[in-house]
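Novice: The structure that follows is given in the form of structure tokens.
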Amino acid sequence: MANRAVPQRPNGQTPGKICQFKLVLLGESSVGKSSLVLRFVKGQFHEYQESTIGAAFLTQTIHLNDVAVKFEIWDTAGQERYHSLAPMYYRGAQAAIVVYDITNQDTFERAKNWVKELQRQATPGIVIALAGNKLDLNTMRSVQTDESQTYAYENGLMFMETSAKTSANVTEIFKAIAEKLPKNENTNTAGQGRRLVDSAEGSNKSLSSCCK
Amino acid sequence: MISFKKGSFRIGEAELKCKKANGCDYYGNPQWDGFCSKCYKDIQKQRRMNASPKKVQINKSNAKPDFKKNGLTEKKSKLSYLKMFNTIKSKDDISEKSKKDYDPLIAKKLEQVDVEYLSLLSEPKSLRSDLKKQIRNFCQMMMMSHLHSPVDLQSELTQHFYQNILDMLNNNYSYDELDHEKKEQILDYAEKYSMIKLYKYLFCMTLADEEEDLCIQKRIRQLNWVNAKHLDCDIDKTNAQIIELVYKAILELLDMDSAIAPQDKLACVVRCCRHIFGVLQGGNNGVKGPASADDFLPVLIFVVLKANPVRLKSNLHYVTRFCNASRLMSGEAGYYFTNLCCAVSFIEKINAELLSMNTEEFEQYMNGTLVSDTWDSALIICEGMHQMFEQLALLADLKRRNLLIVEDAIKLKKEMSNFKDEFMEQFSVLKEVYTINDDSNQTDTKMSVSIDDFDPMCSNLPPWTMTPQIIQPAERTHTSSTCTDVDSWDIHSAETVSLHSLDACLGMSQEKHVVAGSSFEHTIKEQSHLNEIQEISIQGWQIPSIPCETGGKIITSSKSDIQ
């Protein structure tokens with residue numbers, strides 16, 4: 001199973017340090033979330049390989065100096081109807097990329113909603129990056145760079161305009177996130193586990209009430 | 001389809017067989033403590049034999065102590081079943097439970113786990129005993145506490161237990177040489193072993209869990225009209241391969257209930273989700289690219305709706321509570337499990353708006369006044385439908401083949417007509433050629449005159465008239481001299497001579513002459529003819545065919561004469 005690589009090293013005696021982080025992708029369904037990840041993980045755009053089962057769950061490791069940062073990328077369903085399920089995905093995530101389409105103003109508005117939600121409900125200290133995708137369609141742009149830049153600055157987000165098609169800024173945004181993530185403290189899985197169970201209980205209770 | 005596809009059996013045959021140690025081959029019955037009727041009788045008898053001496057001694061007044069005792073135990077066992085069913089636990093139950101603690105099936109499963117991890121645990125010698133001790137302590141604690149402590153506390157205790165084992169592995173110097181991977185596996189073992197052992201105490205332990213199970217089951221049943229279209233999921237229902245993958249996913253989801261350890265349940269979820277990705281990729285052909293979560297979640301919801309797994313909520317709760325939390329927070333299994341939770345949560349929330357339909361319609365569907373006319377929902381439920389589609393596919397294939405045959409037949413017909421045309425054409429050409437030939441044959445005799453007319457060689461030929469002056473070979477002087485006399489013999493010889501000289505010109509007709517000439521009786525007739533010929537030849541020697549005909553006449557006449 002892929003879950004074996006959870007870093008559990010309280011002794012801190014390991015020479016080549018591996019840090020694993022959970023990163024969620026949020027964004028409207030057609031903004032190119034999965035293309036972005038596929039470009040980052042497989043270095044491909046549309047040229048799919050058979051080995052790729054799905055673009056929903058992928059892992060990729062990047063090296064920063066002497067630290068290997070392993071990203072576990074969780075894709076989320078972007079359709080409006082599944083919006084309420086998002087908290088279940090970003091629970092326990094250390095990083096999030098909120099993606100919008102620079103040619104579509106609506107996707108930017110929804111991205112703002114997600115950012116608000118993340119800042120309110122997600123793990124405290126979560127690193128949030130805002131990605132304006134489809135930079136290759138610059139001529140059809142409807143969201144101006146200044147606008148999103150100011151928004152990102154005001155809300156303390158990282159911001160980059162990317163293109164999964166030309167791979168512009170794709171690796172860069174992940175690298176920037178990796179740099180910003182705290183790599184010294186150990187991820188306390190037990191604590192997260194508690195939180196998971198608690199919130200699962202909470203949500204289940206609320207859910208069970210609705211079908212009565 | 002489901003009937004002939006072998007899913008893993010939810011209840012093994014061994015579980016149903018009589019519990020007698022030696023392996024009585026009959027099936028057991030829970031009413032008889034899992035024994036078959038015969039073995040149960042034997043055991044009852046044995047119990048009575050053991051119990052009766054004491055009982056008789058104690059209550060001599062009691063006339064039928066055995067029966068009462070018998071009735072009591074039966075009642076008690078029945079009661080315990082009722083209790084198990086209702087999951088109402090009382091303190092008296094503990095003794096009962098500890099007595100029943102030995103379940104041969106669980107023991108067998110634990111043995112299997114031991115065997116599976118045997119090599120792993122053998123390395124540092126203290127590991128096995130340390131681990132076993134920890135597990136034993138934990139299990140005892142859980143068994144003692146499971147009746148009166150709340151679920152959350154137990155869940156916390158379990159997570160503590162995992163953490164303790166991890167700490168033990170990380171902090172004890174004797175385990176320093178173990179690498180990270182191995183430690184994870186050891187943790188796996190501890191989790192699996194203890195969870196299998198505690199399964200019946202931890203799974204579906206509260207009334208609330210059971211209520212939730214029934215609630216979601218009812219809810220899904222109500223939503224049976226929801227089809228792929230409502231959920232905007234892209235399933236190619238005409239592709240048999242994809243339909244099979246959907247079935248496989250459903251089976252895996254159903255199997256989750258029969259798995260015992262949390263990681264085994266998770267493995268079922270992972271397999272189910274992998275099949276779904278297969279569906280999204282368009283079967284084995286992999287026509288489409290890797291699917292994103294946008295496509296994946298709707299199909300998962302669809303699969304959950306169509307599978308309607310038993311004790312779904314209990315299973316989810318059990319995994320979230322007692323599975324190692326790190327497993328759920330990260331990794332593929334964690335991701336898929338989260339998706340499953342999302343799917344279930346969505347199903348609980350489903351309303352008209354979420355399915356993008358109007359409220360009235362939704363209500364009507366929910367009340368059952370409106371029945372889904374699309375076959376999507378029926379497809380999964382109804383096996384006959386599936387068979388029909390398989391047969392339709394078969395028919396389509398047959399149709400395709402039939403078309404091929406028809407095509408070939410048309411081709412053949414065309415070829416045949418072509419051949420006929422060609423043949424006719426060739427025939428007509430040949431016919432033309434041959435008719436010309438025929439004409440030429442016919443005209444040959446007639447036209448020979450004209451041919452000869454223009455043939456310069458003809459002038460060189462000797463004239464038809466058999467005048468000795470023209471043909472006078474040196475050797476034949478004596479015949480030529482006699483030729484002047486009109487003598488039958490001489491004429492004959494002269495004729496032959498003349499024939500010789502005419503050979504080239506007249507062809508085979510001369511031979512007839514020769515034959516004619518050989519018959520002596522006709523020489524006179526011949527003579528008269530010859531005279532005629534001579535007359536003709538005087539007029540026009542250019543007609544050489546005439547003697548030919550006369551020759552023919554001679555033959556026929558001679559023949560008739562002979563006859």
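Chain lettering (A, B, ...) mirrors the order of the structure tokens, residue numbering begins at 1 for each chain separately, and ligand numbering begins at 1 in order of display.
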Should the cut-off be 6 Å, what would the residue list for chain B against chain A look like, counting only C-alpha atoms, as a list in words?
Specialist: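 Result, ordered by chain then number: Gly289, Pro290, Ala291, Ser292, Ala293, Asp294, Ala325, Ser326, Arg327, Gly331, Glu332, Cys342 and Leu354 of chain B.
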Novice: Take CA of Asp152 in chain B and CA of Cys268 in chain B and report the distance between them in Å, one decimal.
Specialist: 24.9 Å
Novice: Check range 75-163 of chain A with DSSP on the backbone and list each residue it calls strand (DSSP E), as number ranges by chain.
Specialist: A: 75, 95-101, 127-133, 158-161
Novice: Just give me the gap between CA of Leu26 in chain A and CA of Thr139 in chain A in Å, one decimal is fine.
Specialist: 24.7 Å
Novice: Near Leu181 in chain A, counting only C-alpha atoms, which residues have an atom at most 9 Å away, once you skip same-chain residues fewer than 4 positions from it, shown as a PyMOL selection string?
Specialist: chain A and resi 21+94-95+126-127+176-177
Novice: For those residues, write all heavy atoms to a file as a PDB file, in the first residue's frame.
Specialist:
ATOM      1  N   PHE A  21       3.739  15.361   2.513  1.00  0.00           N
ATOM      2  CA  PHE A  21       2.673  16.343   2.728  1.00  0.00           C
ATOM      3  C   PHE A  21       1.454  15.984   1.896  1.00  0.00           C
ATOM      4  O   PHE A  21       1.577  15.493   0.775  1.00  0.00           O
ATOM      5  CB  PHE A  21       3.157  17.734   2.337  1.00  0.00           C
ATOM      6  CG  PHE A  21       4.275  18.244   3.189  1.00  0.00           C
ATOM      7  CD1 PHE A  21       5.562  18.287   2.692  1.00  0.00           C
ATOM      8  CD2 PHE A  21       4.042  18.641   4.498  1.00  0.00           C
ATOM      9  CE1 PHE A  21       6.609  18.741   3.483  1.00  0.00           C
ATOM     10  CE2 PHE A  21       5.087  19.096   5.286  1.00  0.00           C
ATOM     11  CZ  PHE A  21       6.370  19.151   4.778  1.00  0.00           C
ATOM     12  N   GLN A  94      -1.832  19.626   4.499  1.00  0.00           N
ATOM     13  CA  GLN A  94      -0.872  20.671   4.869  1.00  0.00           C
ATOM     14  C   GLN A  94      -0.777  21.743   3.800  1.00  0.00           C
ATOM     15  O   GLN A  94      -0.215  22.801   4.045  1.00  0.00           O
ATOM     16  CB  GLN A  94       0.517  20.061   5.107  1.00  0.00           C
ATOM     17  CG  GLN A  94       0.614  19.216   6.361  1.00  0.00           C
ATOM     18  CD  GLN A  94       0.447  17.740   6.060  1.00  0.00           C
ATOM     19  OE1 GLN A  94      -0.065  17.372   5.026  1.00  0.00           O
ATOM     20  NE2 GLN A  94       0.894  16.905   6.989  1.00  0.00           N
ATOM     21  N   ALA A  95      -1.252  21.417   2.604  1.00  0.00           N
ATOM     22  CA  ALA A  95      -1.167  22.401   1.532  1.00  0.00           C
ATOM     23  C   ALA A  95      -2.389  22.278   0.626  1.00  0.00           C
ATOM     24  O   ALA A  95      -3.010  21.222   0.552  1.00  0.00           O
ATOM     25  CB  ALA A  95       0.099  22.199   0.720  1.00  0.00           C
ATOM     26  N   ILE A 126      -2.266  25.910   7.148  1.00  0.00           N
ATOM     27  CA  ILE A 126      -2.258  25.278   5.818  1.00  0.00           C
ATOM     28  C   ILE A 126      -1.696  26.279   4.793  1.00  0.00           C
ATOM     29  O   ILE A 126      -1.986  27.476   4.845  1.00  0.00           O
ATOM     30  CB  ILE A 126      -3.682  24.801   5.428  1.00  0.00           C
ATOM     31  CG1 ILE A 126      -3.641  24.027   4.106  1.00  0.00           C
ATOM     32  CG2 ILE A 126      -4.648  25.975   5.329  1.00  0.00           C
ATOM     33  CD1 ILE A 126      -4.953  23.339   3.766  1.00  0.00           C
ATOM     34  N   VAL A 127      -0.843  25.780   3.925  1.00  0.00           N
ATOM     35  CA  VAL A 127      -0.252  26.631   2.890  1.00  0.00           C
ATOM     36  C   VAL A 127      -1.198  26.642   1.688  1.00  0.00           C
ATOM     37  O   VAL A 127      -1.494  25.592   1.120  1.00  0.00           O
ATOM     38  CB  VAL A 127       1.134  26.094   2.460  1.00  0.00           C
ATOM     39  CG1 VAL A 127       1.678  26.921   1.299  1.00  0.00           C
ATOM     40  CG2 VAL A 127       2.083  26.122   3.635  1.00  0.00           C
ATOM     41  N   ALA A 176       7.575  26.131  -4.863  1.00  0.00           N
ATOM     42  CA  ALA A 176       7.360  27.249  -3.944  1.00  0.00           C
ATOM     43  C   ALA A 176       6.595  26.789  -2.711  1.00  0.00           C
ATOM     44  O   ALA A 176       6.906  27.187  -1.582  1.00  0.00           O
ATOM     45  CB  ALA A 176       6.595  28.361  -4.658  1.00  0.00           C
ATOM     46  N   ILE A 177       5.622  25.910  -2.942  1.00  0.00           N
ATOM     47  CA  ILE A 177       4.851  25.377  -1.807  1.00  0.00           C
ATOM     48  C   ILE A 177       5.767  24.555  -0.910  1.00  0.00           C
ATOM     49  O   ILE A 177       5.754  24.685   0.313  1.00  0.00           O
ATOM     50  CB  ILE A 177       3.670  24.523  -2.315  1.00  0.00           C
ATOM     51  CG1 ILE A 177       2.641  25.411  -3.010  1.00  0.00           C
ATOM     52  CG2 ILE A 177       3.017  23.784  -1.164  1.00  0.00           C
ATOM     53  CD1 ILE A 177       1.612  24.640  -3.796  1.00  0.00           C
TER      54      ILE A 177
END
Novice: Please, which residues of range 233-413 of chain B, numbered as in this document, come out alpha helix (DSSP H) from DSSP, as number ranges by chain?
Specialist: B: 240-255, 262-280, 293-307, 312-322, 325-329, 331-349, 359-367, 376-381, 383-413
Novice: Report, in Å with one decimal, the straight-line distance from CA of Leu297 in chain B to CA of Phe203 in chain B.
Specialist: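 Between CA of Leu297 in chain B and CA of Phe203 in chain B the gap is 26.8 Å.
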Novice: Which residues are near Pro124 in chain B? Cut-off 9 Å, only C-alpha atoms, ignore same chain within fewer than 6 positions. Put them as a list of chain:residue names.
Specialist: B:Ser174, B:Tyr175, B:Leu178
Novice: Could you list, as a PyMOL selection string, every residue within 10 Å of range 151-167 of chain A, counting only C-alpha atoms and ignoring same-chain residues fewer than 6 positions away?
Specialist: chain A and resi 32-40+43-46+97-102+112+115-116+119+127-138+145+173+176-177+180
Novice: Can you tell me, as a PyMOL selection string, what residues are no more than 12 Å from Lys20 in chain B when counting only C-alpha atoms, ignoring any on the same chain fewer than 5 positions away?
Specialist: chain B and resi 14-15+25-29+32-43+104
Novice: For the residues in the current selection, export N, CA, C and O atoms as a short mmCIF file (atom, residue, chain, number, x, y, z; two decimals), in the first residue's frame.
Specialist:
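Dumped to out.cif:
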data_model
loop_
_atom_site.label_atom_id
_atom_site.label_comp_id
_atom_site.auth_asym_id
_atom_site.auth_seq_id
_atom_site.Cartn_x
_atom_site.Cartn_y
_atom_site.Cartn_z
N ALA B 14 -16.96 -23.41 5.79
CA ALA B 14 -16.50 -23.92 7.08
C ALA B 14 -17.29 -23.30 8.23
O ALA B 14 -17.52 -23.93 9.26
N GLU B 15 -17.72 -22.08 8.01
CA GLU B 15 -18.48 -21.40 9.07
C GLU B 15 -19.83 -22.05 9.28
O GLU B 15 -20.40 -21.96 10.36
N ASP B 25 -19.38 -33.89 8.93
CA ASP B 25 -19.53 -33.23 7.63
C ASP B 25 -20.88 -32.53 7.45
O ASP B 25 -21.13 -31.95 6.41
N TYR B 26 -21.73 -32.62 8.48
CA TYR B 26 -23.06 -32.00 8.34
C TYR B 26 -22.99 -30.52 8.63
O TYR B 26 -22.03 -30.03 9.22
N TYR B 27 -24.04 -29.81 8.22
CA TYR B 27 -24.09 -28.38 8.50
C TYR B 27 -24.63 -28.14 9.90
O TYR B 27 -25.48 -28.89 10.39
N GLY B 28 -24.11 -27.12 10.51
CA GLY B 28 -24.54 -26.80 11.86
C GLY B 28 -25.69 -25.82 11.85
O GLY B 28 -26.10 -25.33 10.80
N ASN B 29 -26.20 -25.55 13.01
CA ASN B 29 -27.33 -24.64 13.15
C ASN B 29 -27.08 -23.78 14.38
O ASN B 29 -26.74 -24.30 15.44
N TRP B 32 -28.48 -24.78 17.64
CA TRP B 32 -27.82 -25.89 18.35
C TRP B 32 -26.35 -25.55 18.62
O TRP B 32 -25.47 -26.39 18.50
N ASP B 33 -26.10 -24.30 18.89
CA ASP B 33 -24.75 -23.82 19.18
C ASP B 33 -23.79 -24.10 18.02
O ASP B 33 -22.60 -24.34 18.24
N GLY B 34 -24.30 -24.13 16.86
CA GLY B 34 -23.44 -24.33 15.70
C GLY B 34 -23.12 -25.78 15.41
O GLY B 34 -22.31 -26.08 14.54
N PHE B 35 -23.74 -26.68 16.16
CA PHE B 35 -23.54 -28.11 15.88
C PHE B 35 -24.64 -28.63 14.97
O PHE B 35 -25.68 -27.99 14.82
N CYS B 36 -24.40 -29.78 14.41
CA CYS B 36 -25.48 -30.43 13.69
C CYS B 36 -26.37 -31.13 14.72
O CYS B 36 -26.00 -31.26 15.89
N SER B 37 -27.53 -31.56 14.31
CA SER B 37 -28.51 -32.08 15.28
C SER B 37 -27.96 -33.26 16.08
O SER B 37 -28.14 -33.36 17.28
N LYS B 38 -27.22 -34.10 15.40
CA LYS B 38 -26.75 -35.33 16.05
C LYS B 38 -25.68 -34.99 17.10
O LYS B 38 -25.74 -35.43 18.25
N CYS B 39 -24.71 -34.17 16.66
CA CYS B 39 -23.63 -33.80 17.56
C CYS B 39 -24.18 -33.04 18.76
O CYS B 39 -23.71 -33.19 19.88
N TYR B 40 -25.19 -32.21 18.50
CA TYR B 40 -25.76 -31.42 19.57
C TYR B 40 -26.41 -32.34 20.61
O TYR B 40 -26.26 -32.15 21.81
N LYS B 41 -27.10 -33.35 20.11
CA LYS B 41 -27.73 -34.33 21.02
C LYS B 41 -26.68 -35.02 21.88
O LYS B 41 -26.83 -35.16 23.08
N ASP B 42 -25.59 -35.40 21.21
CA ASP B 42 -24.51 -36.08 21.93
C ASP B 42 -23.96 -35.18 23.03
O ASP B 42 -23.74 -35.63 24.17
N ILE B 43 -23.77 -33.93 22.66
CA ILE B 43 -23.19 -33.00 23.63
C ILE B 43 -24.13 -32.78 24.79
O ILE B 43 -23.73 -32.76 25.96
N PRO B 104 -13.68 -20.96 16.64
CA PRO B 104 -12.69 -21.65 15.79
C PRO B 104 -12.35 -20.85 14.53
O PRO B 104 -11.23 -20.90 14.04
#
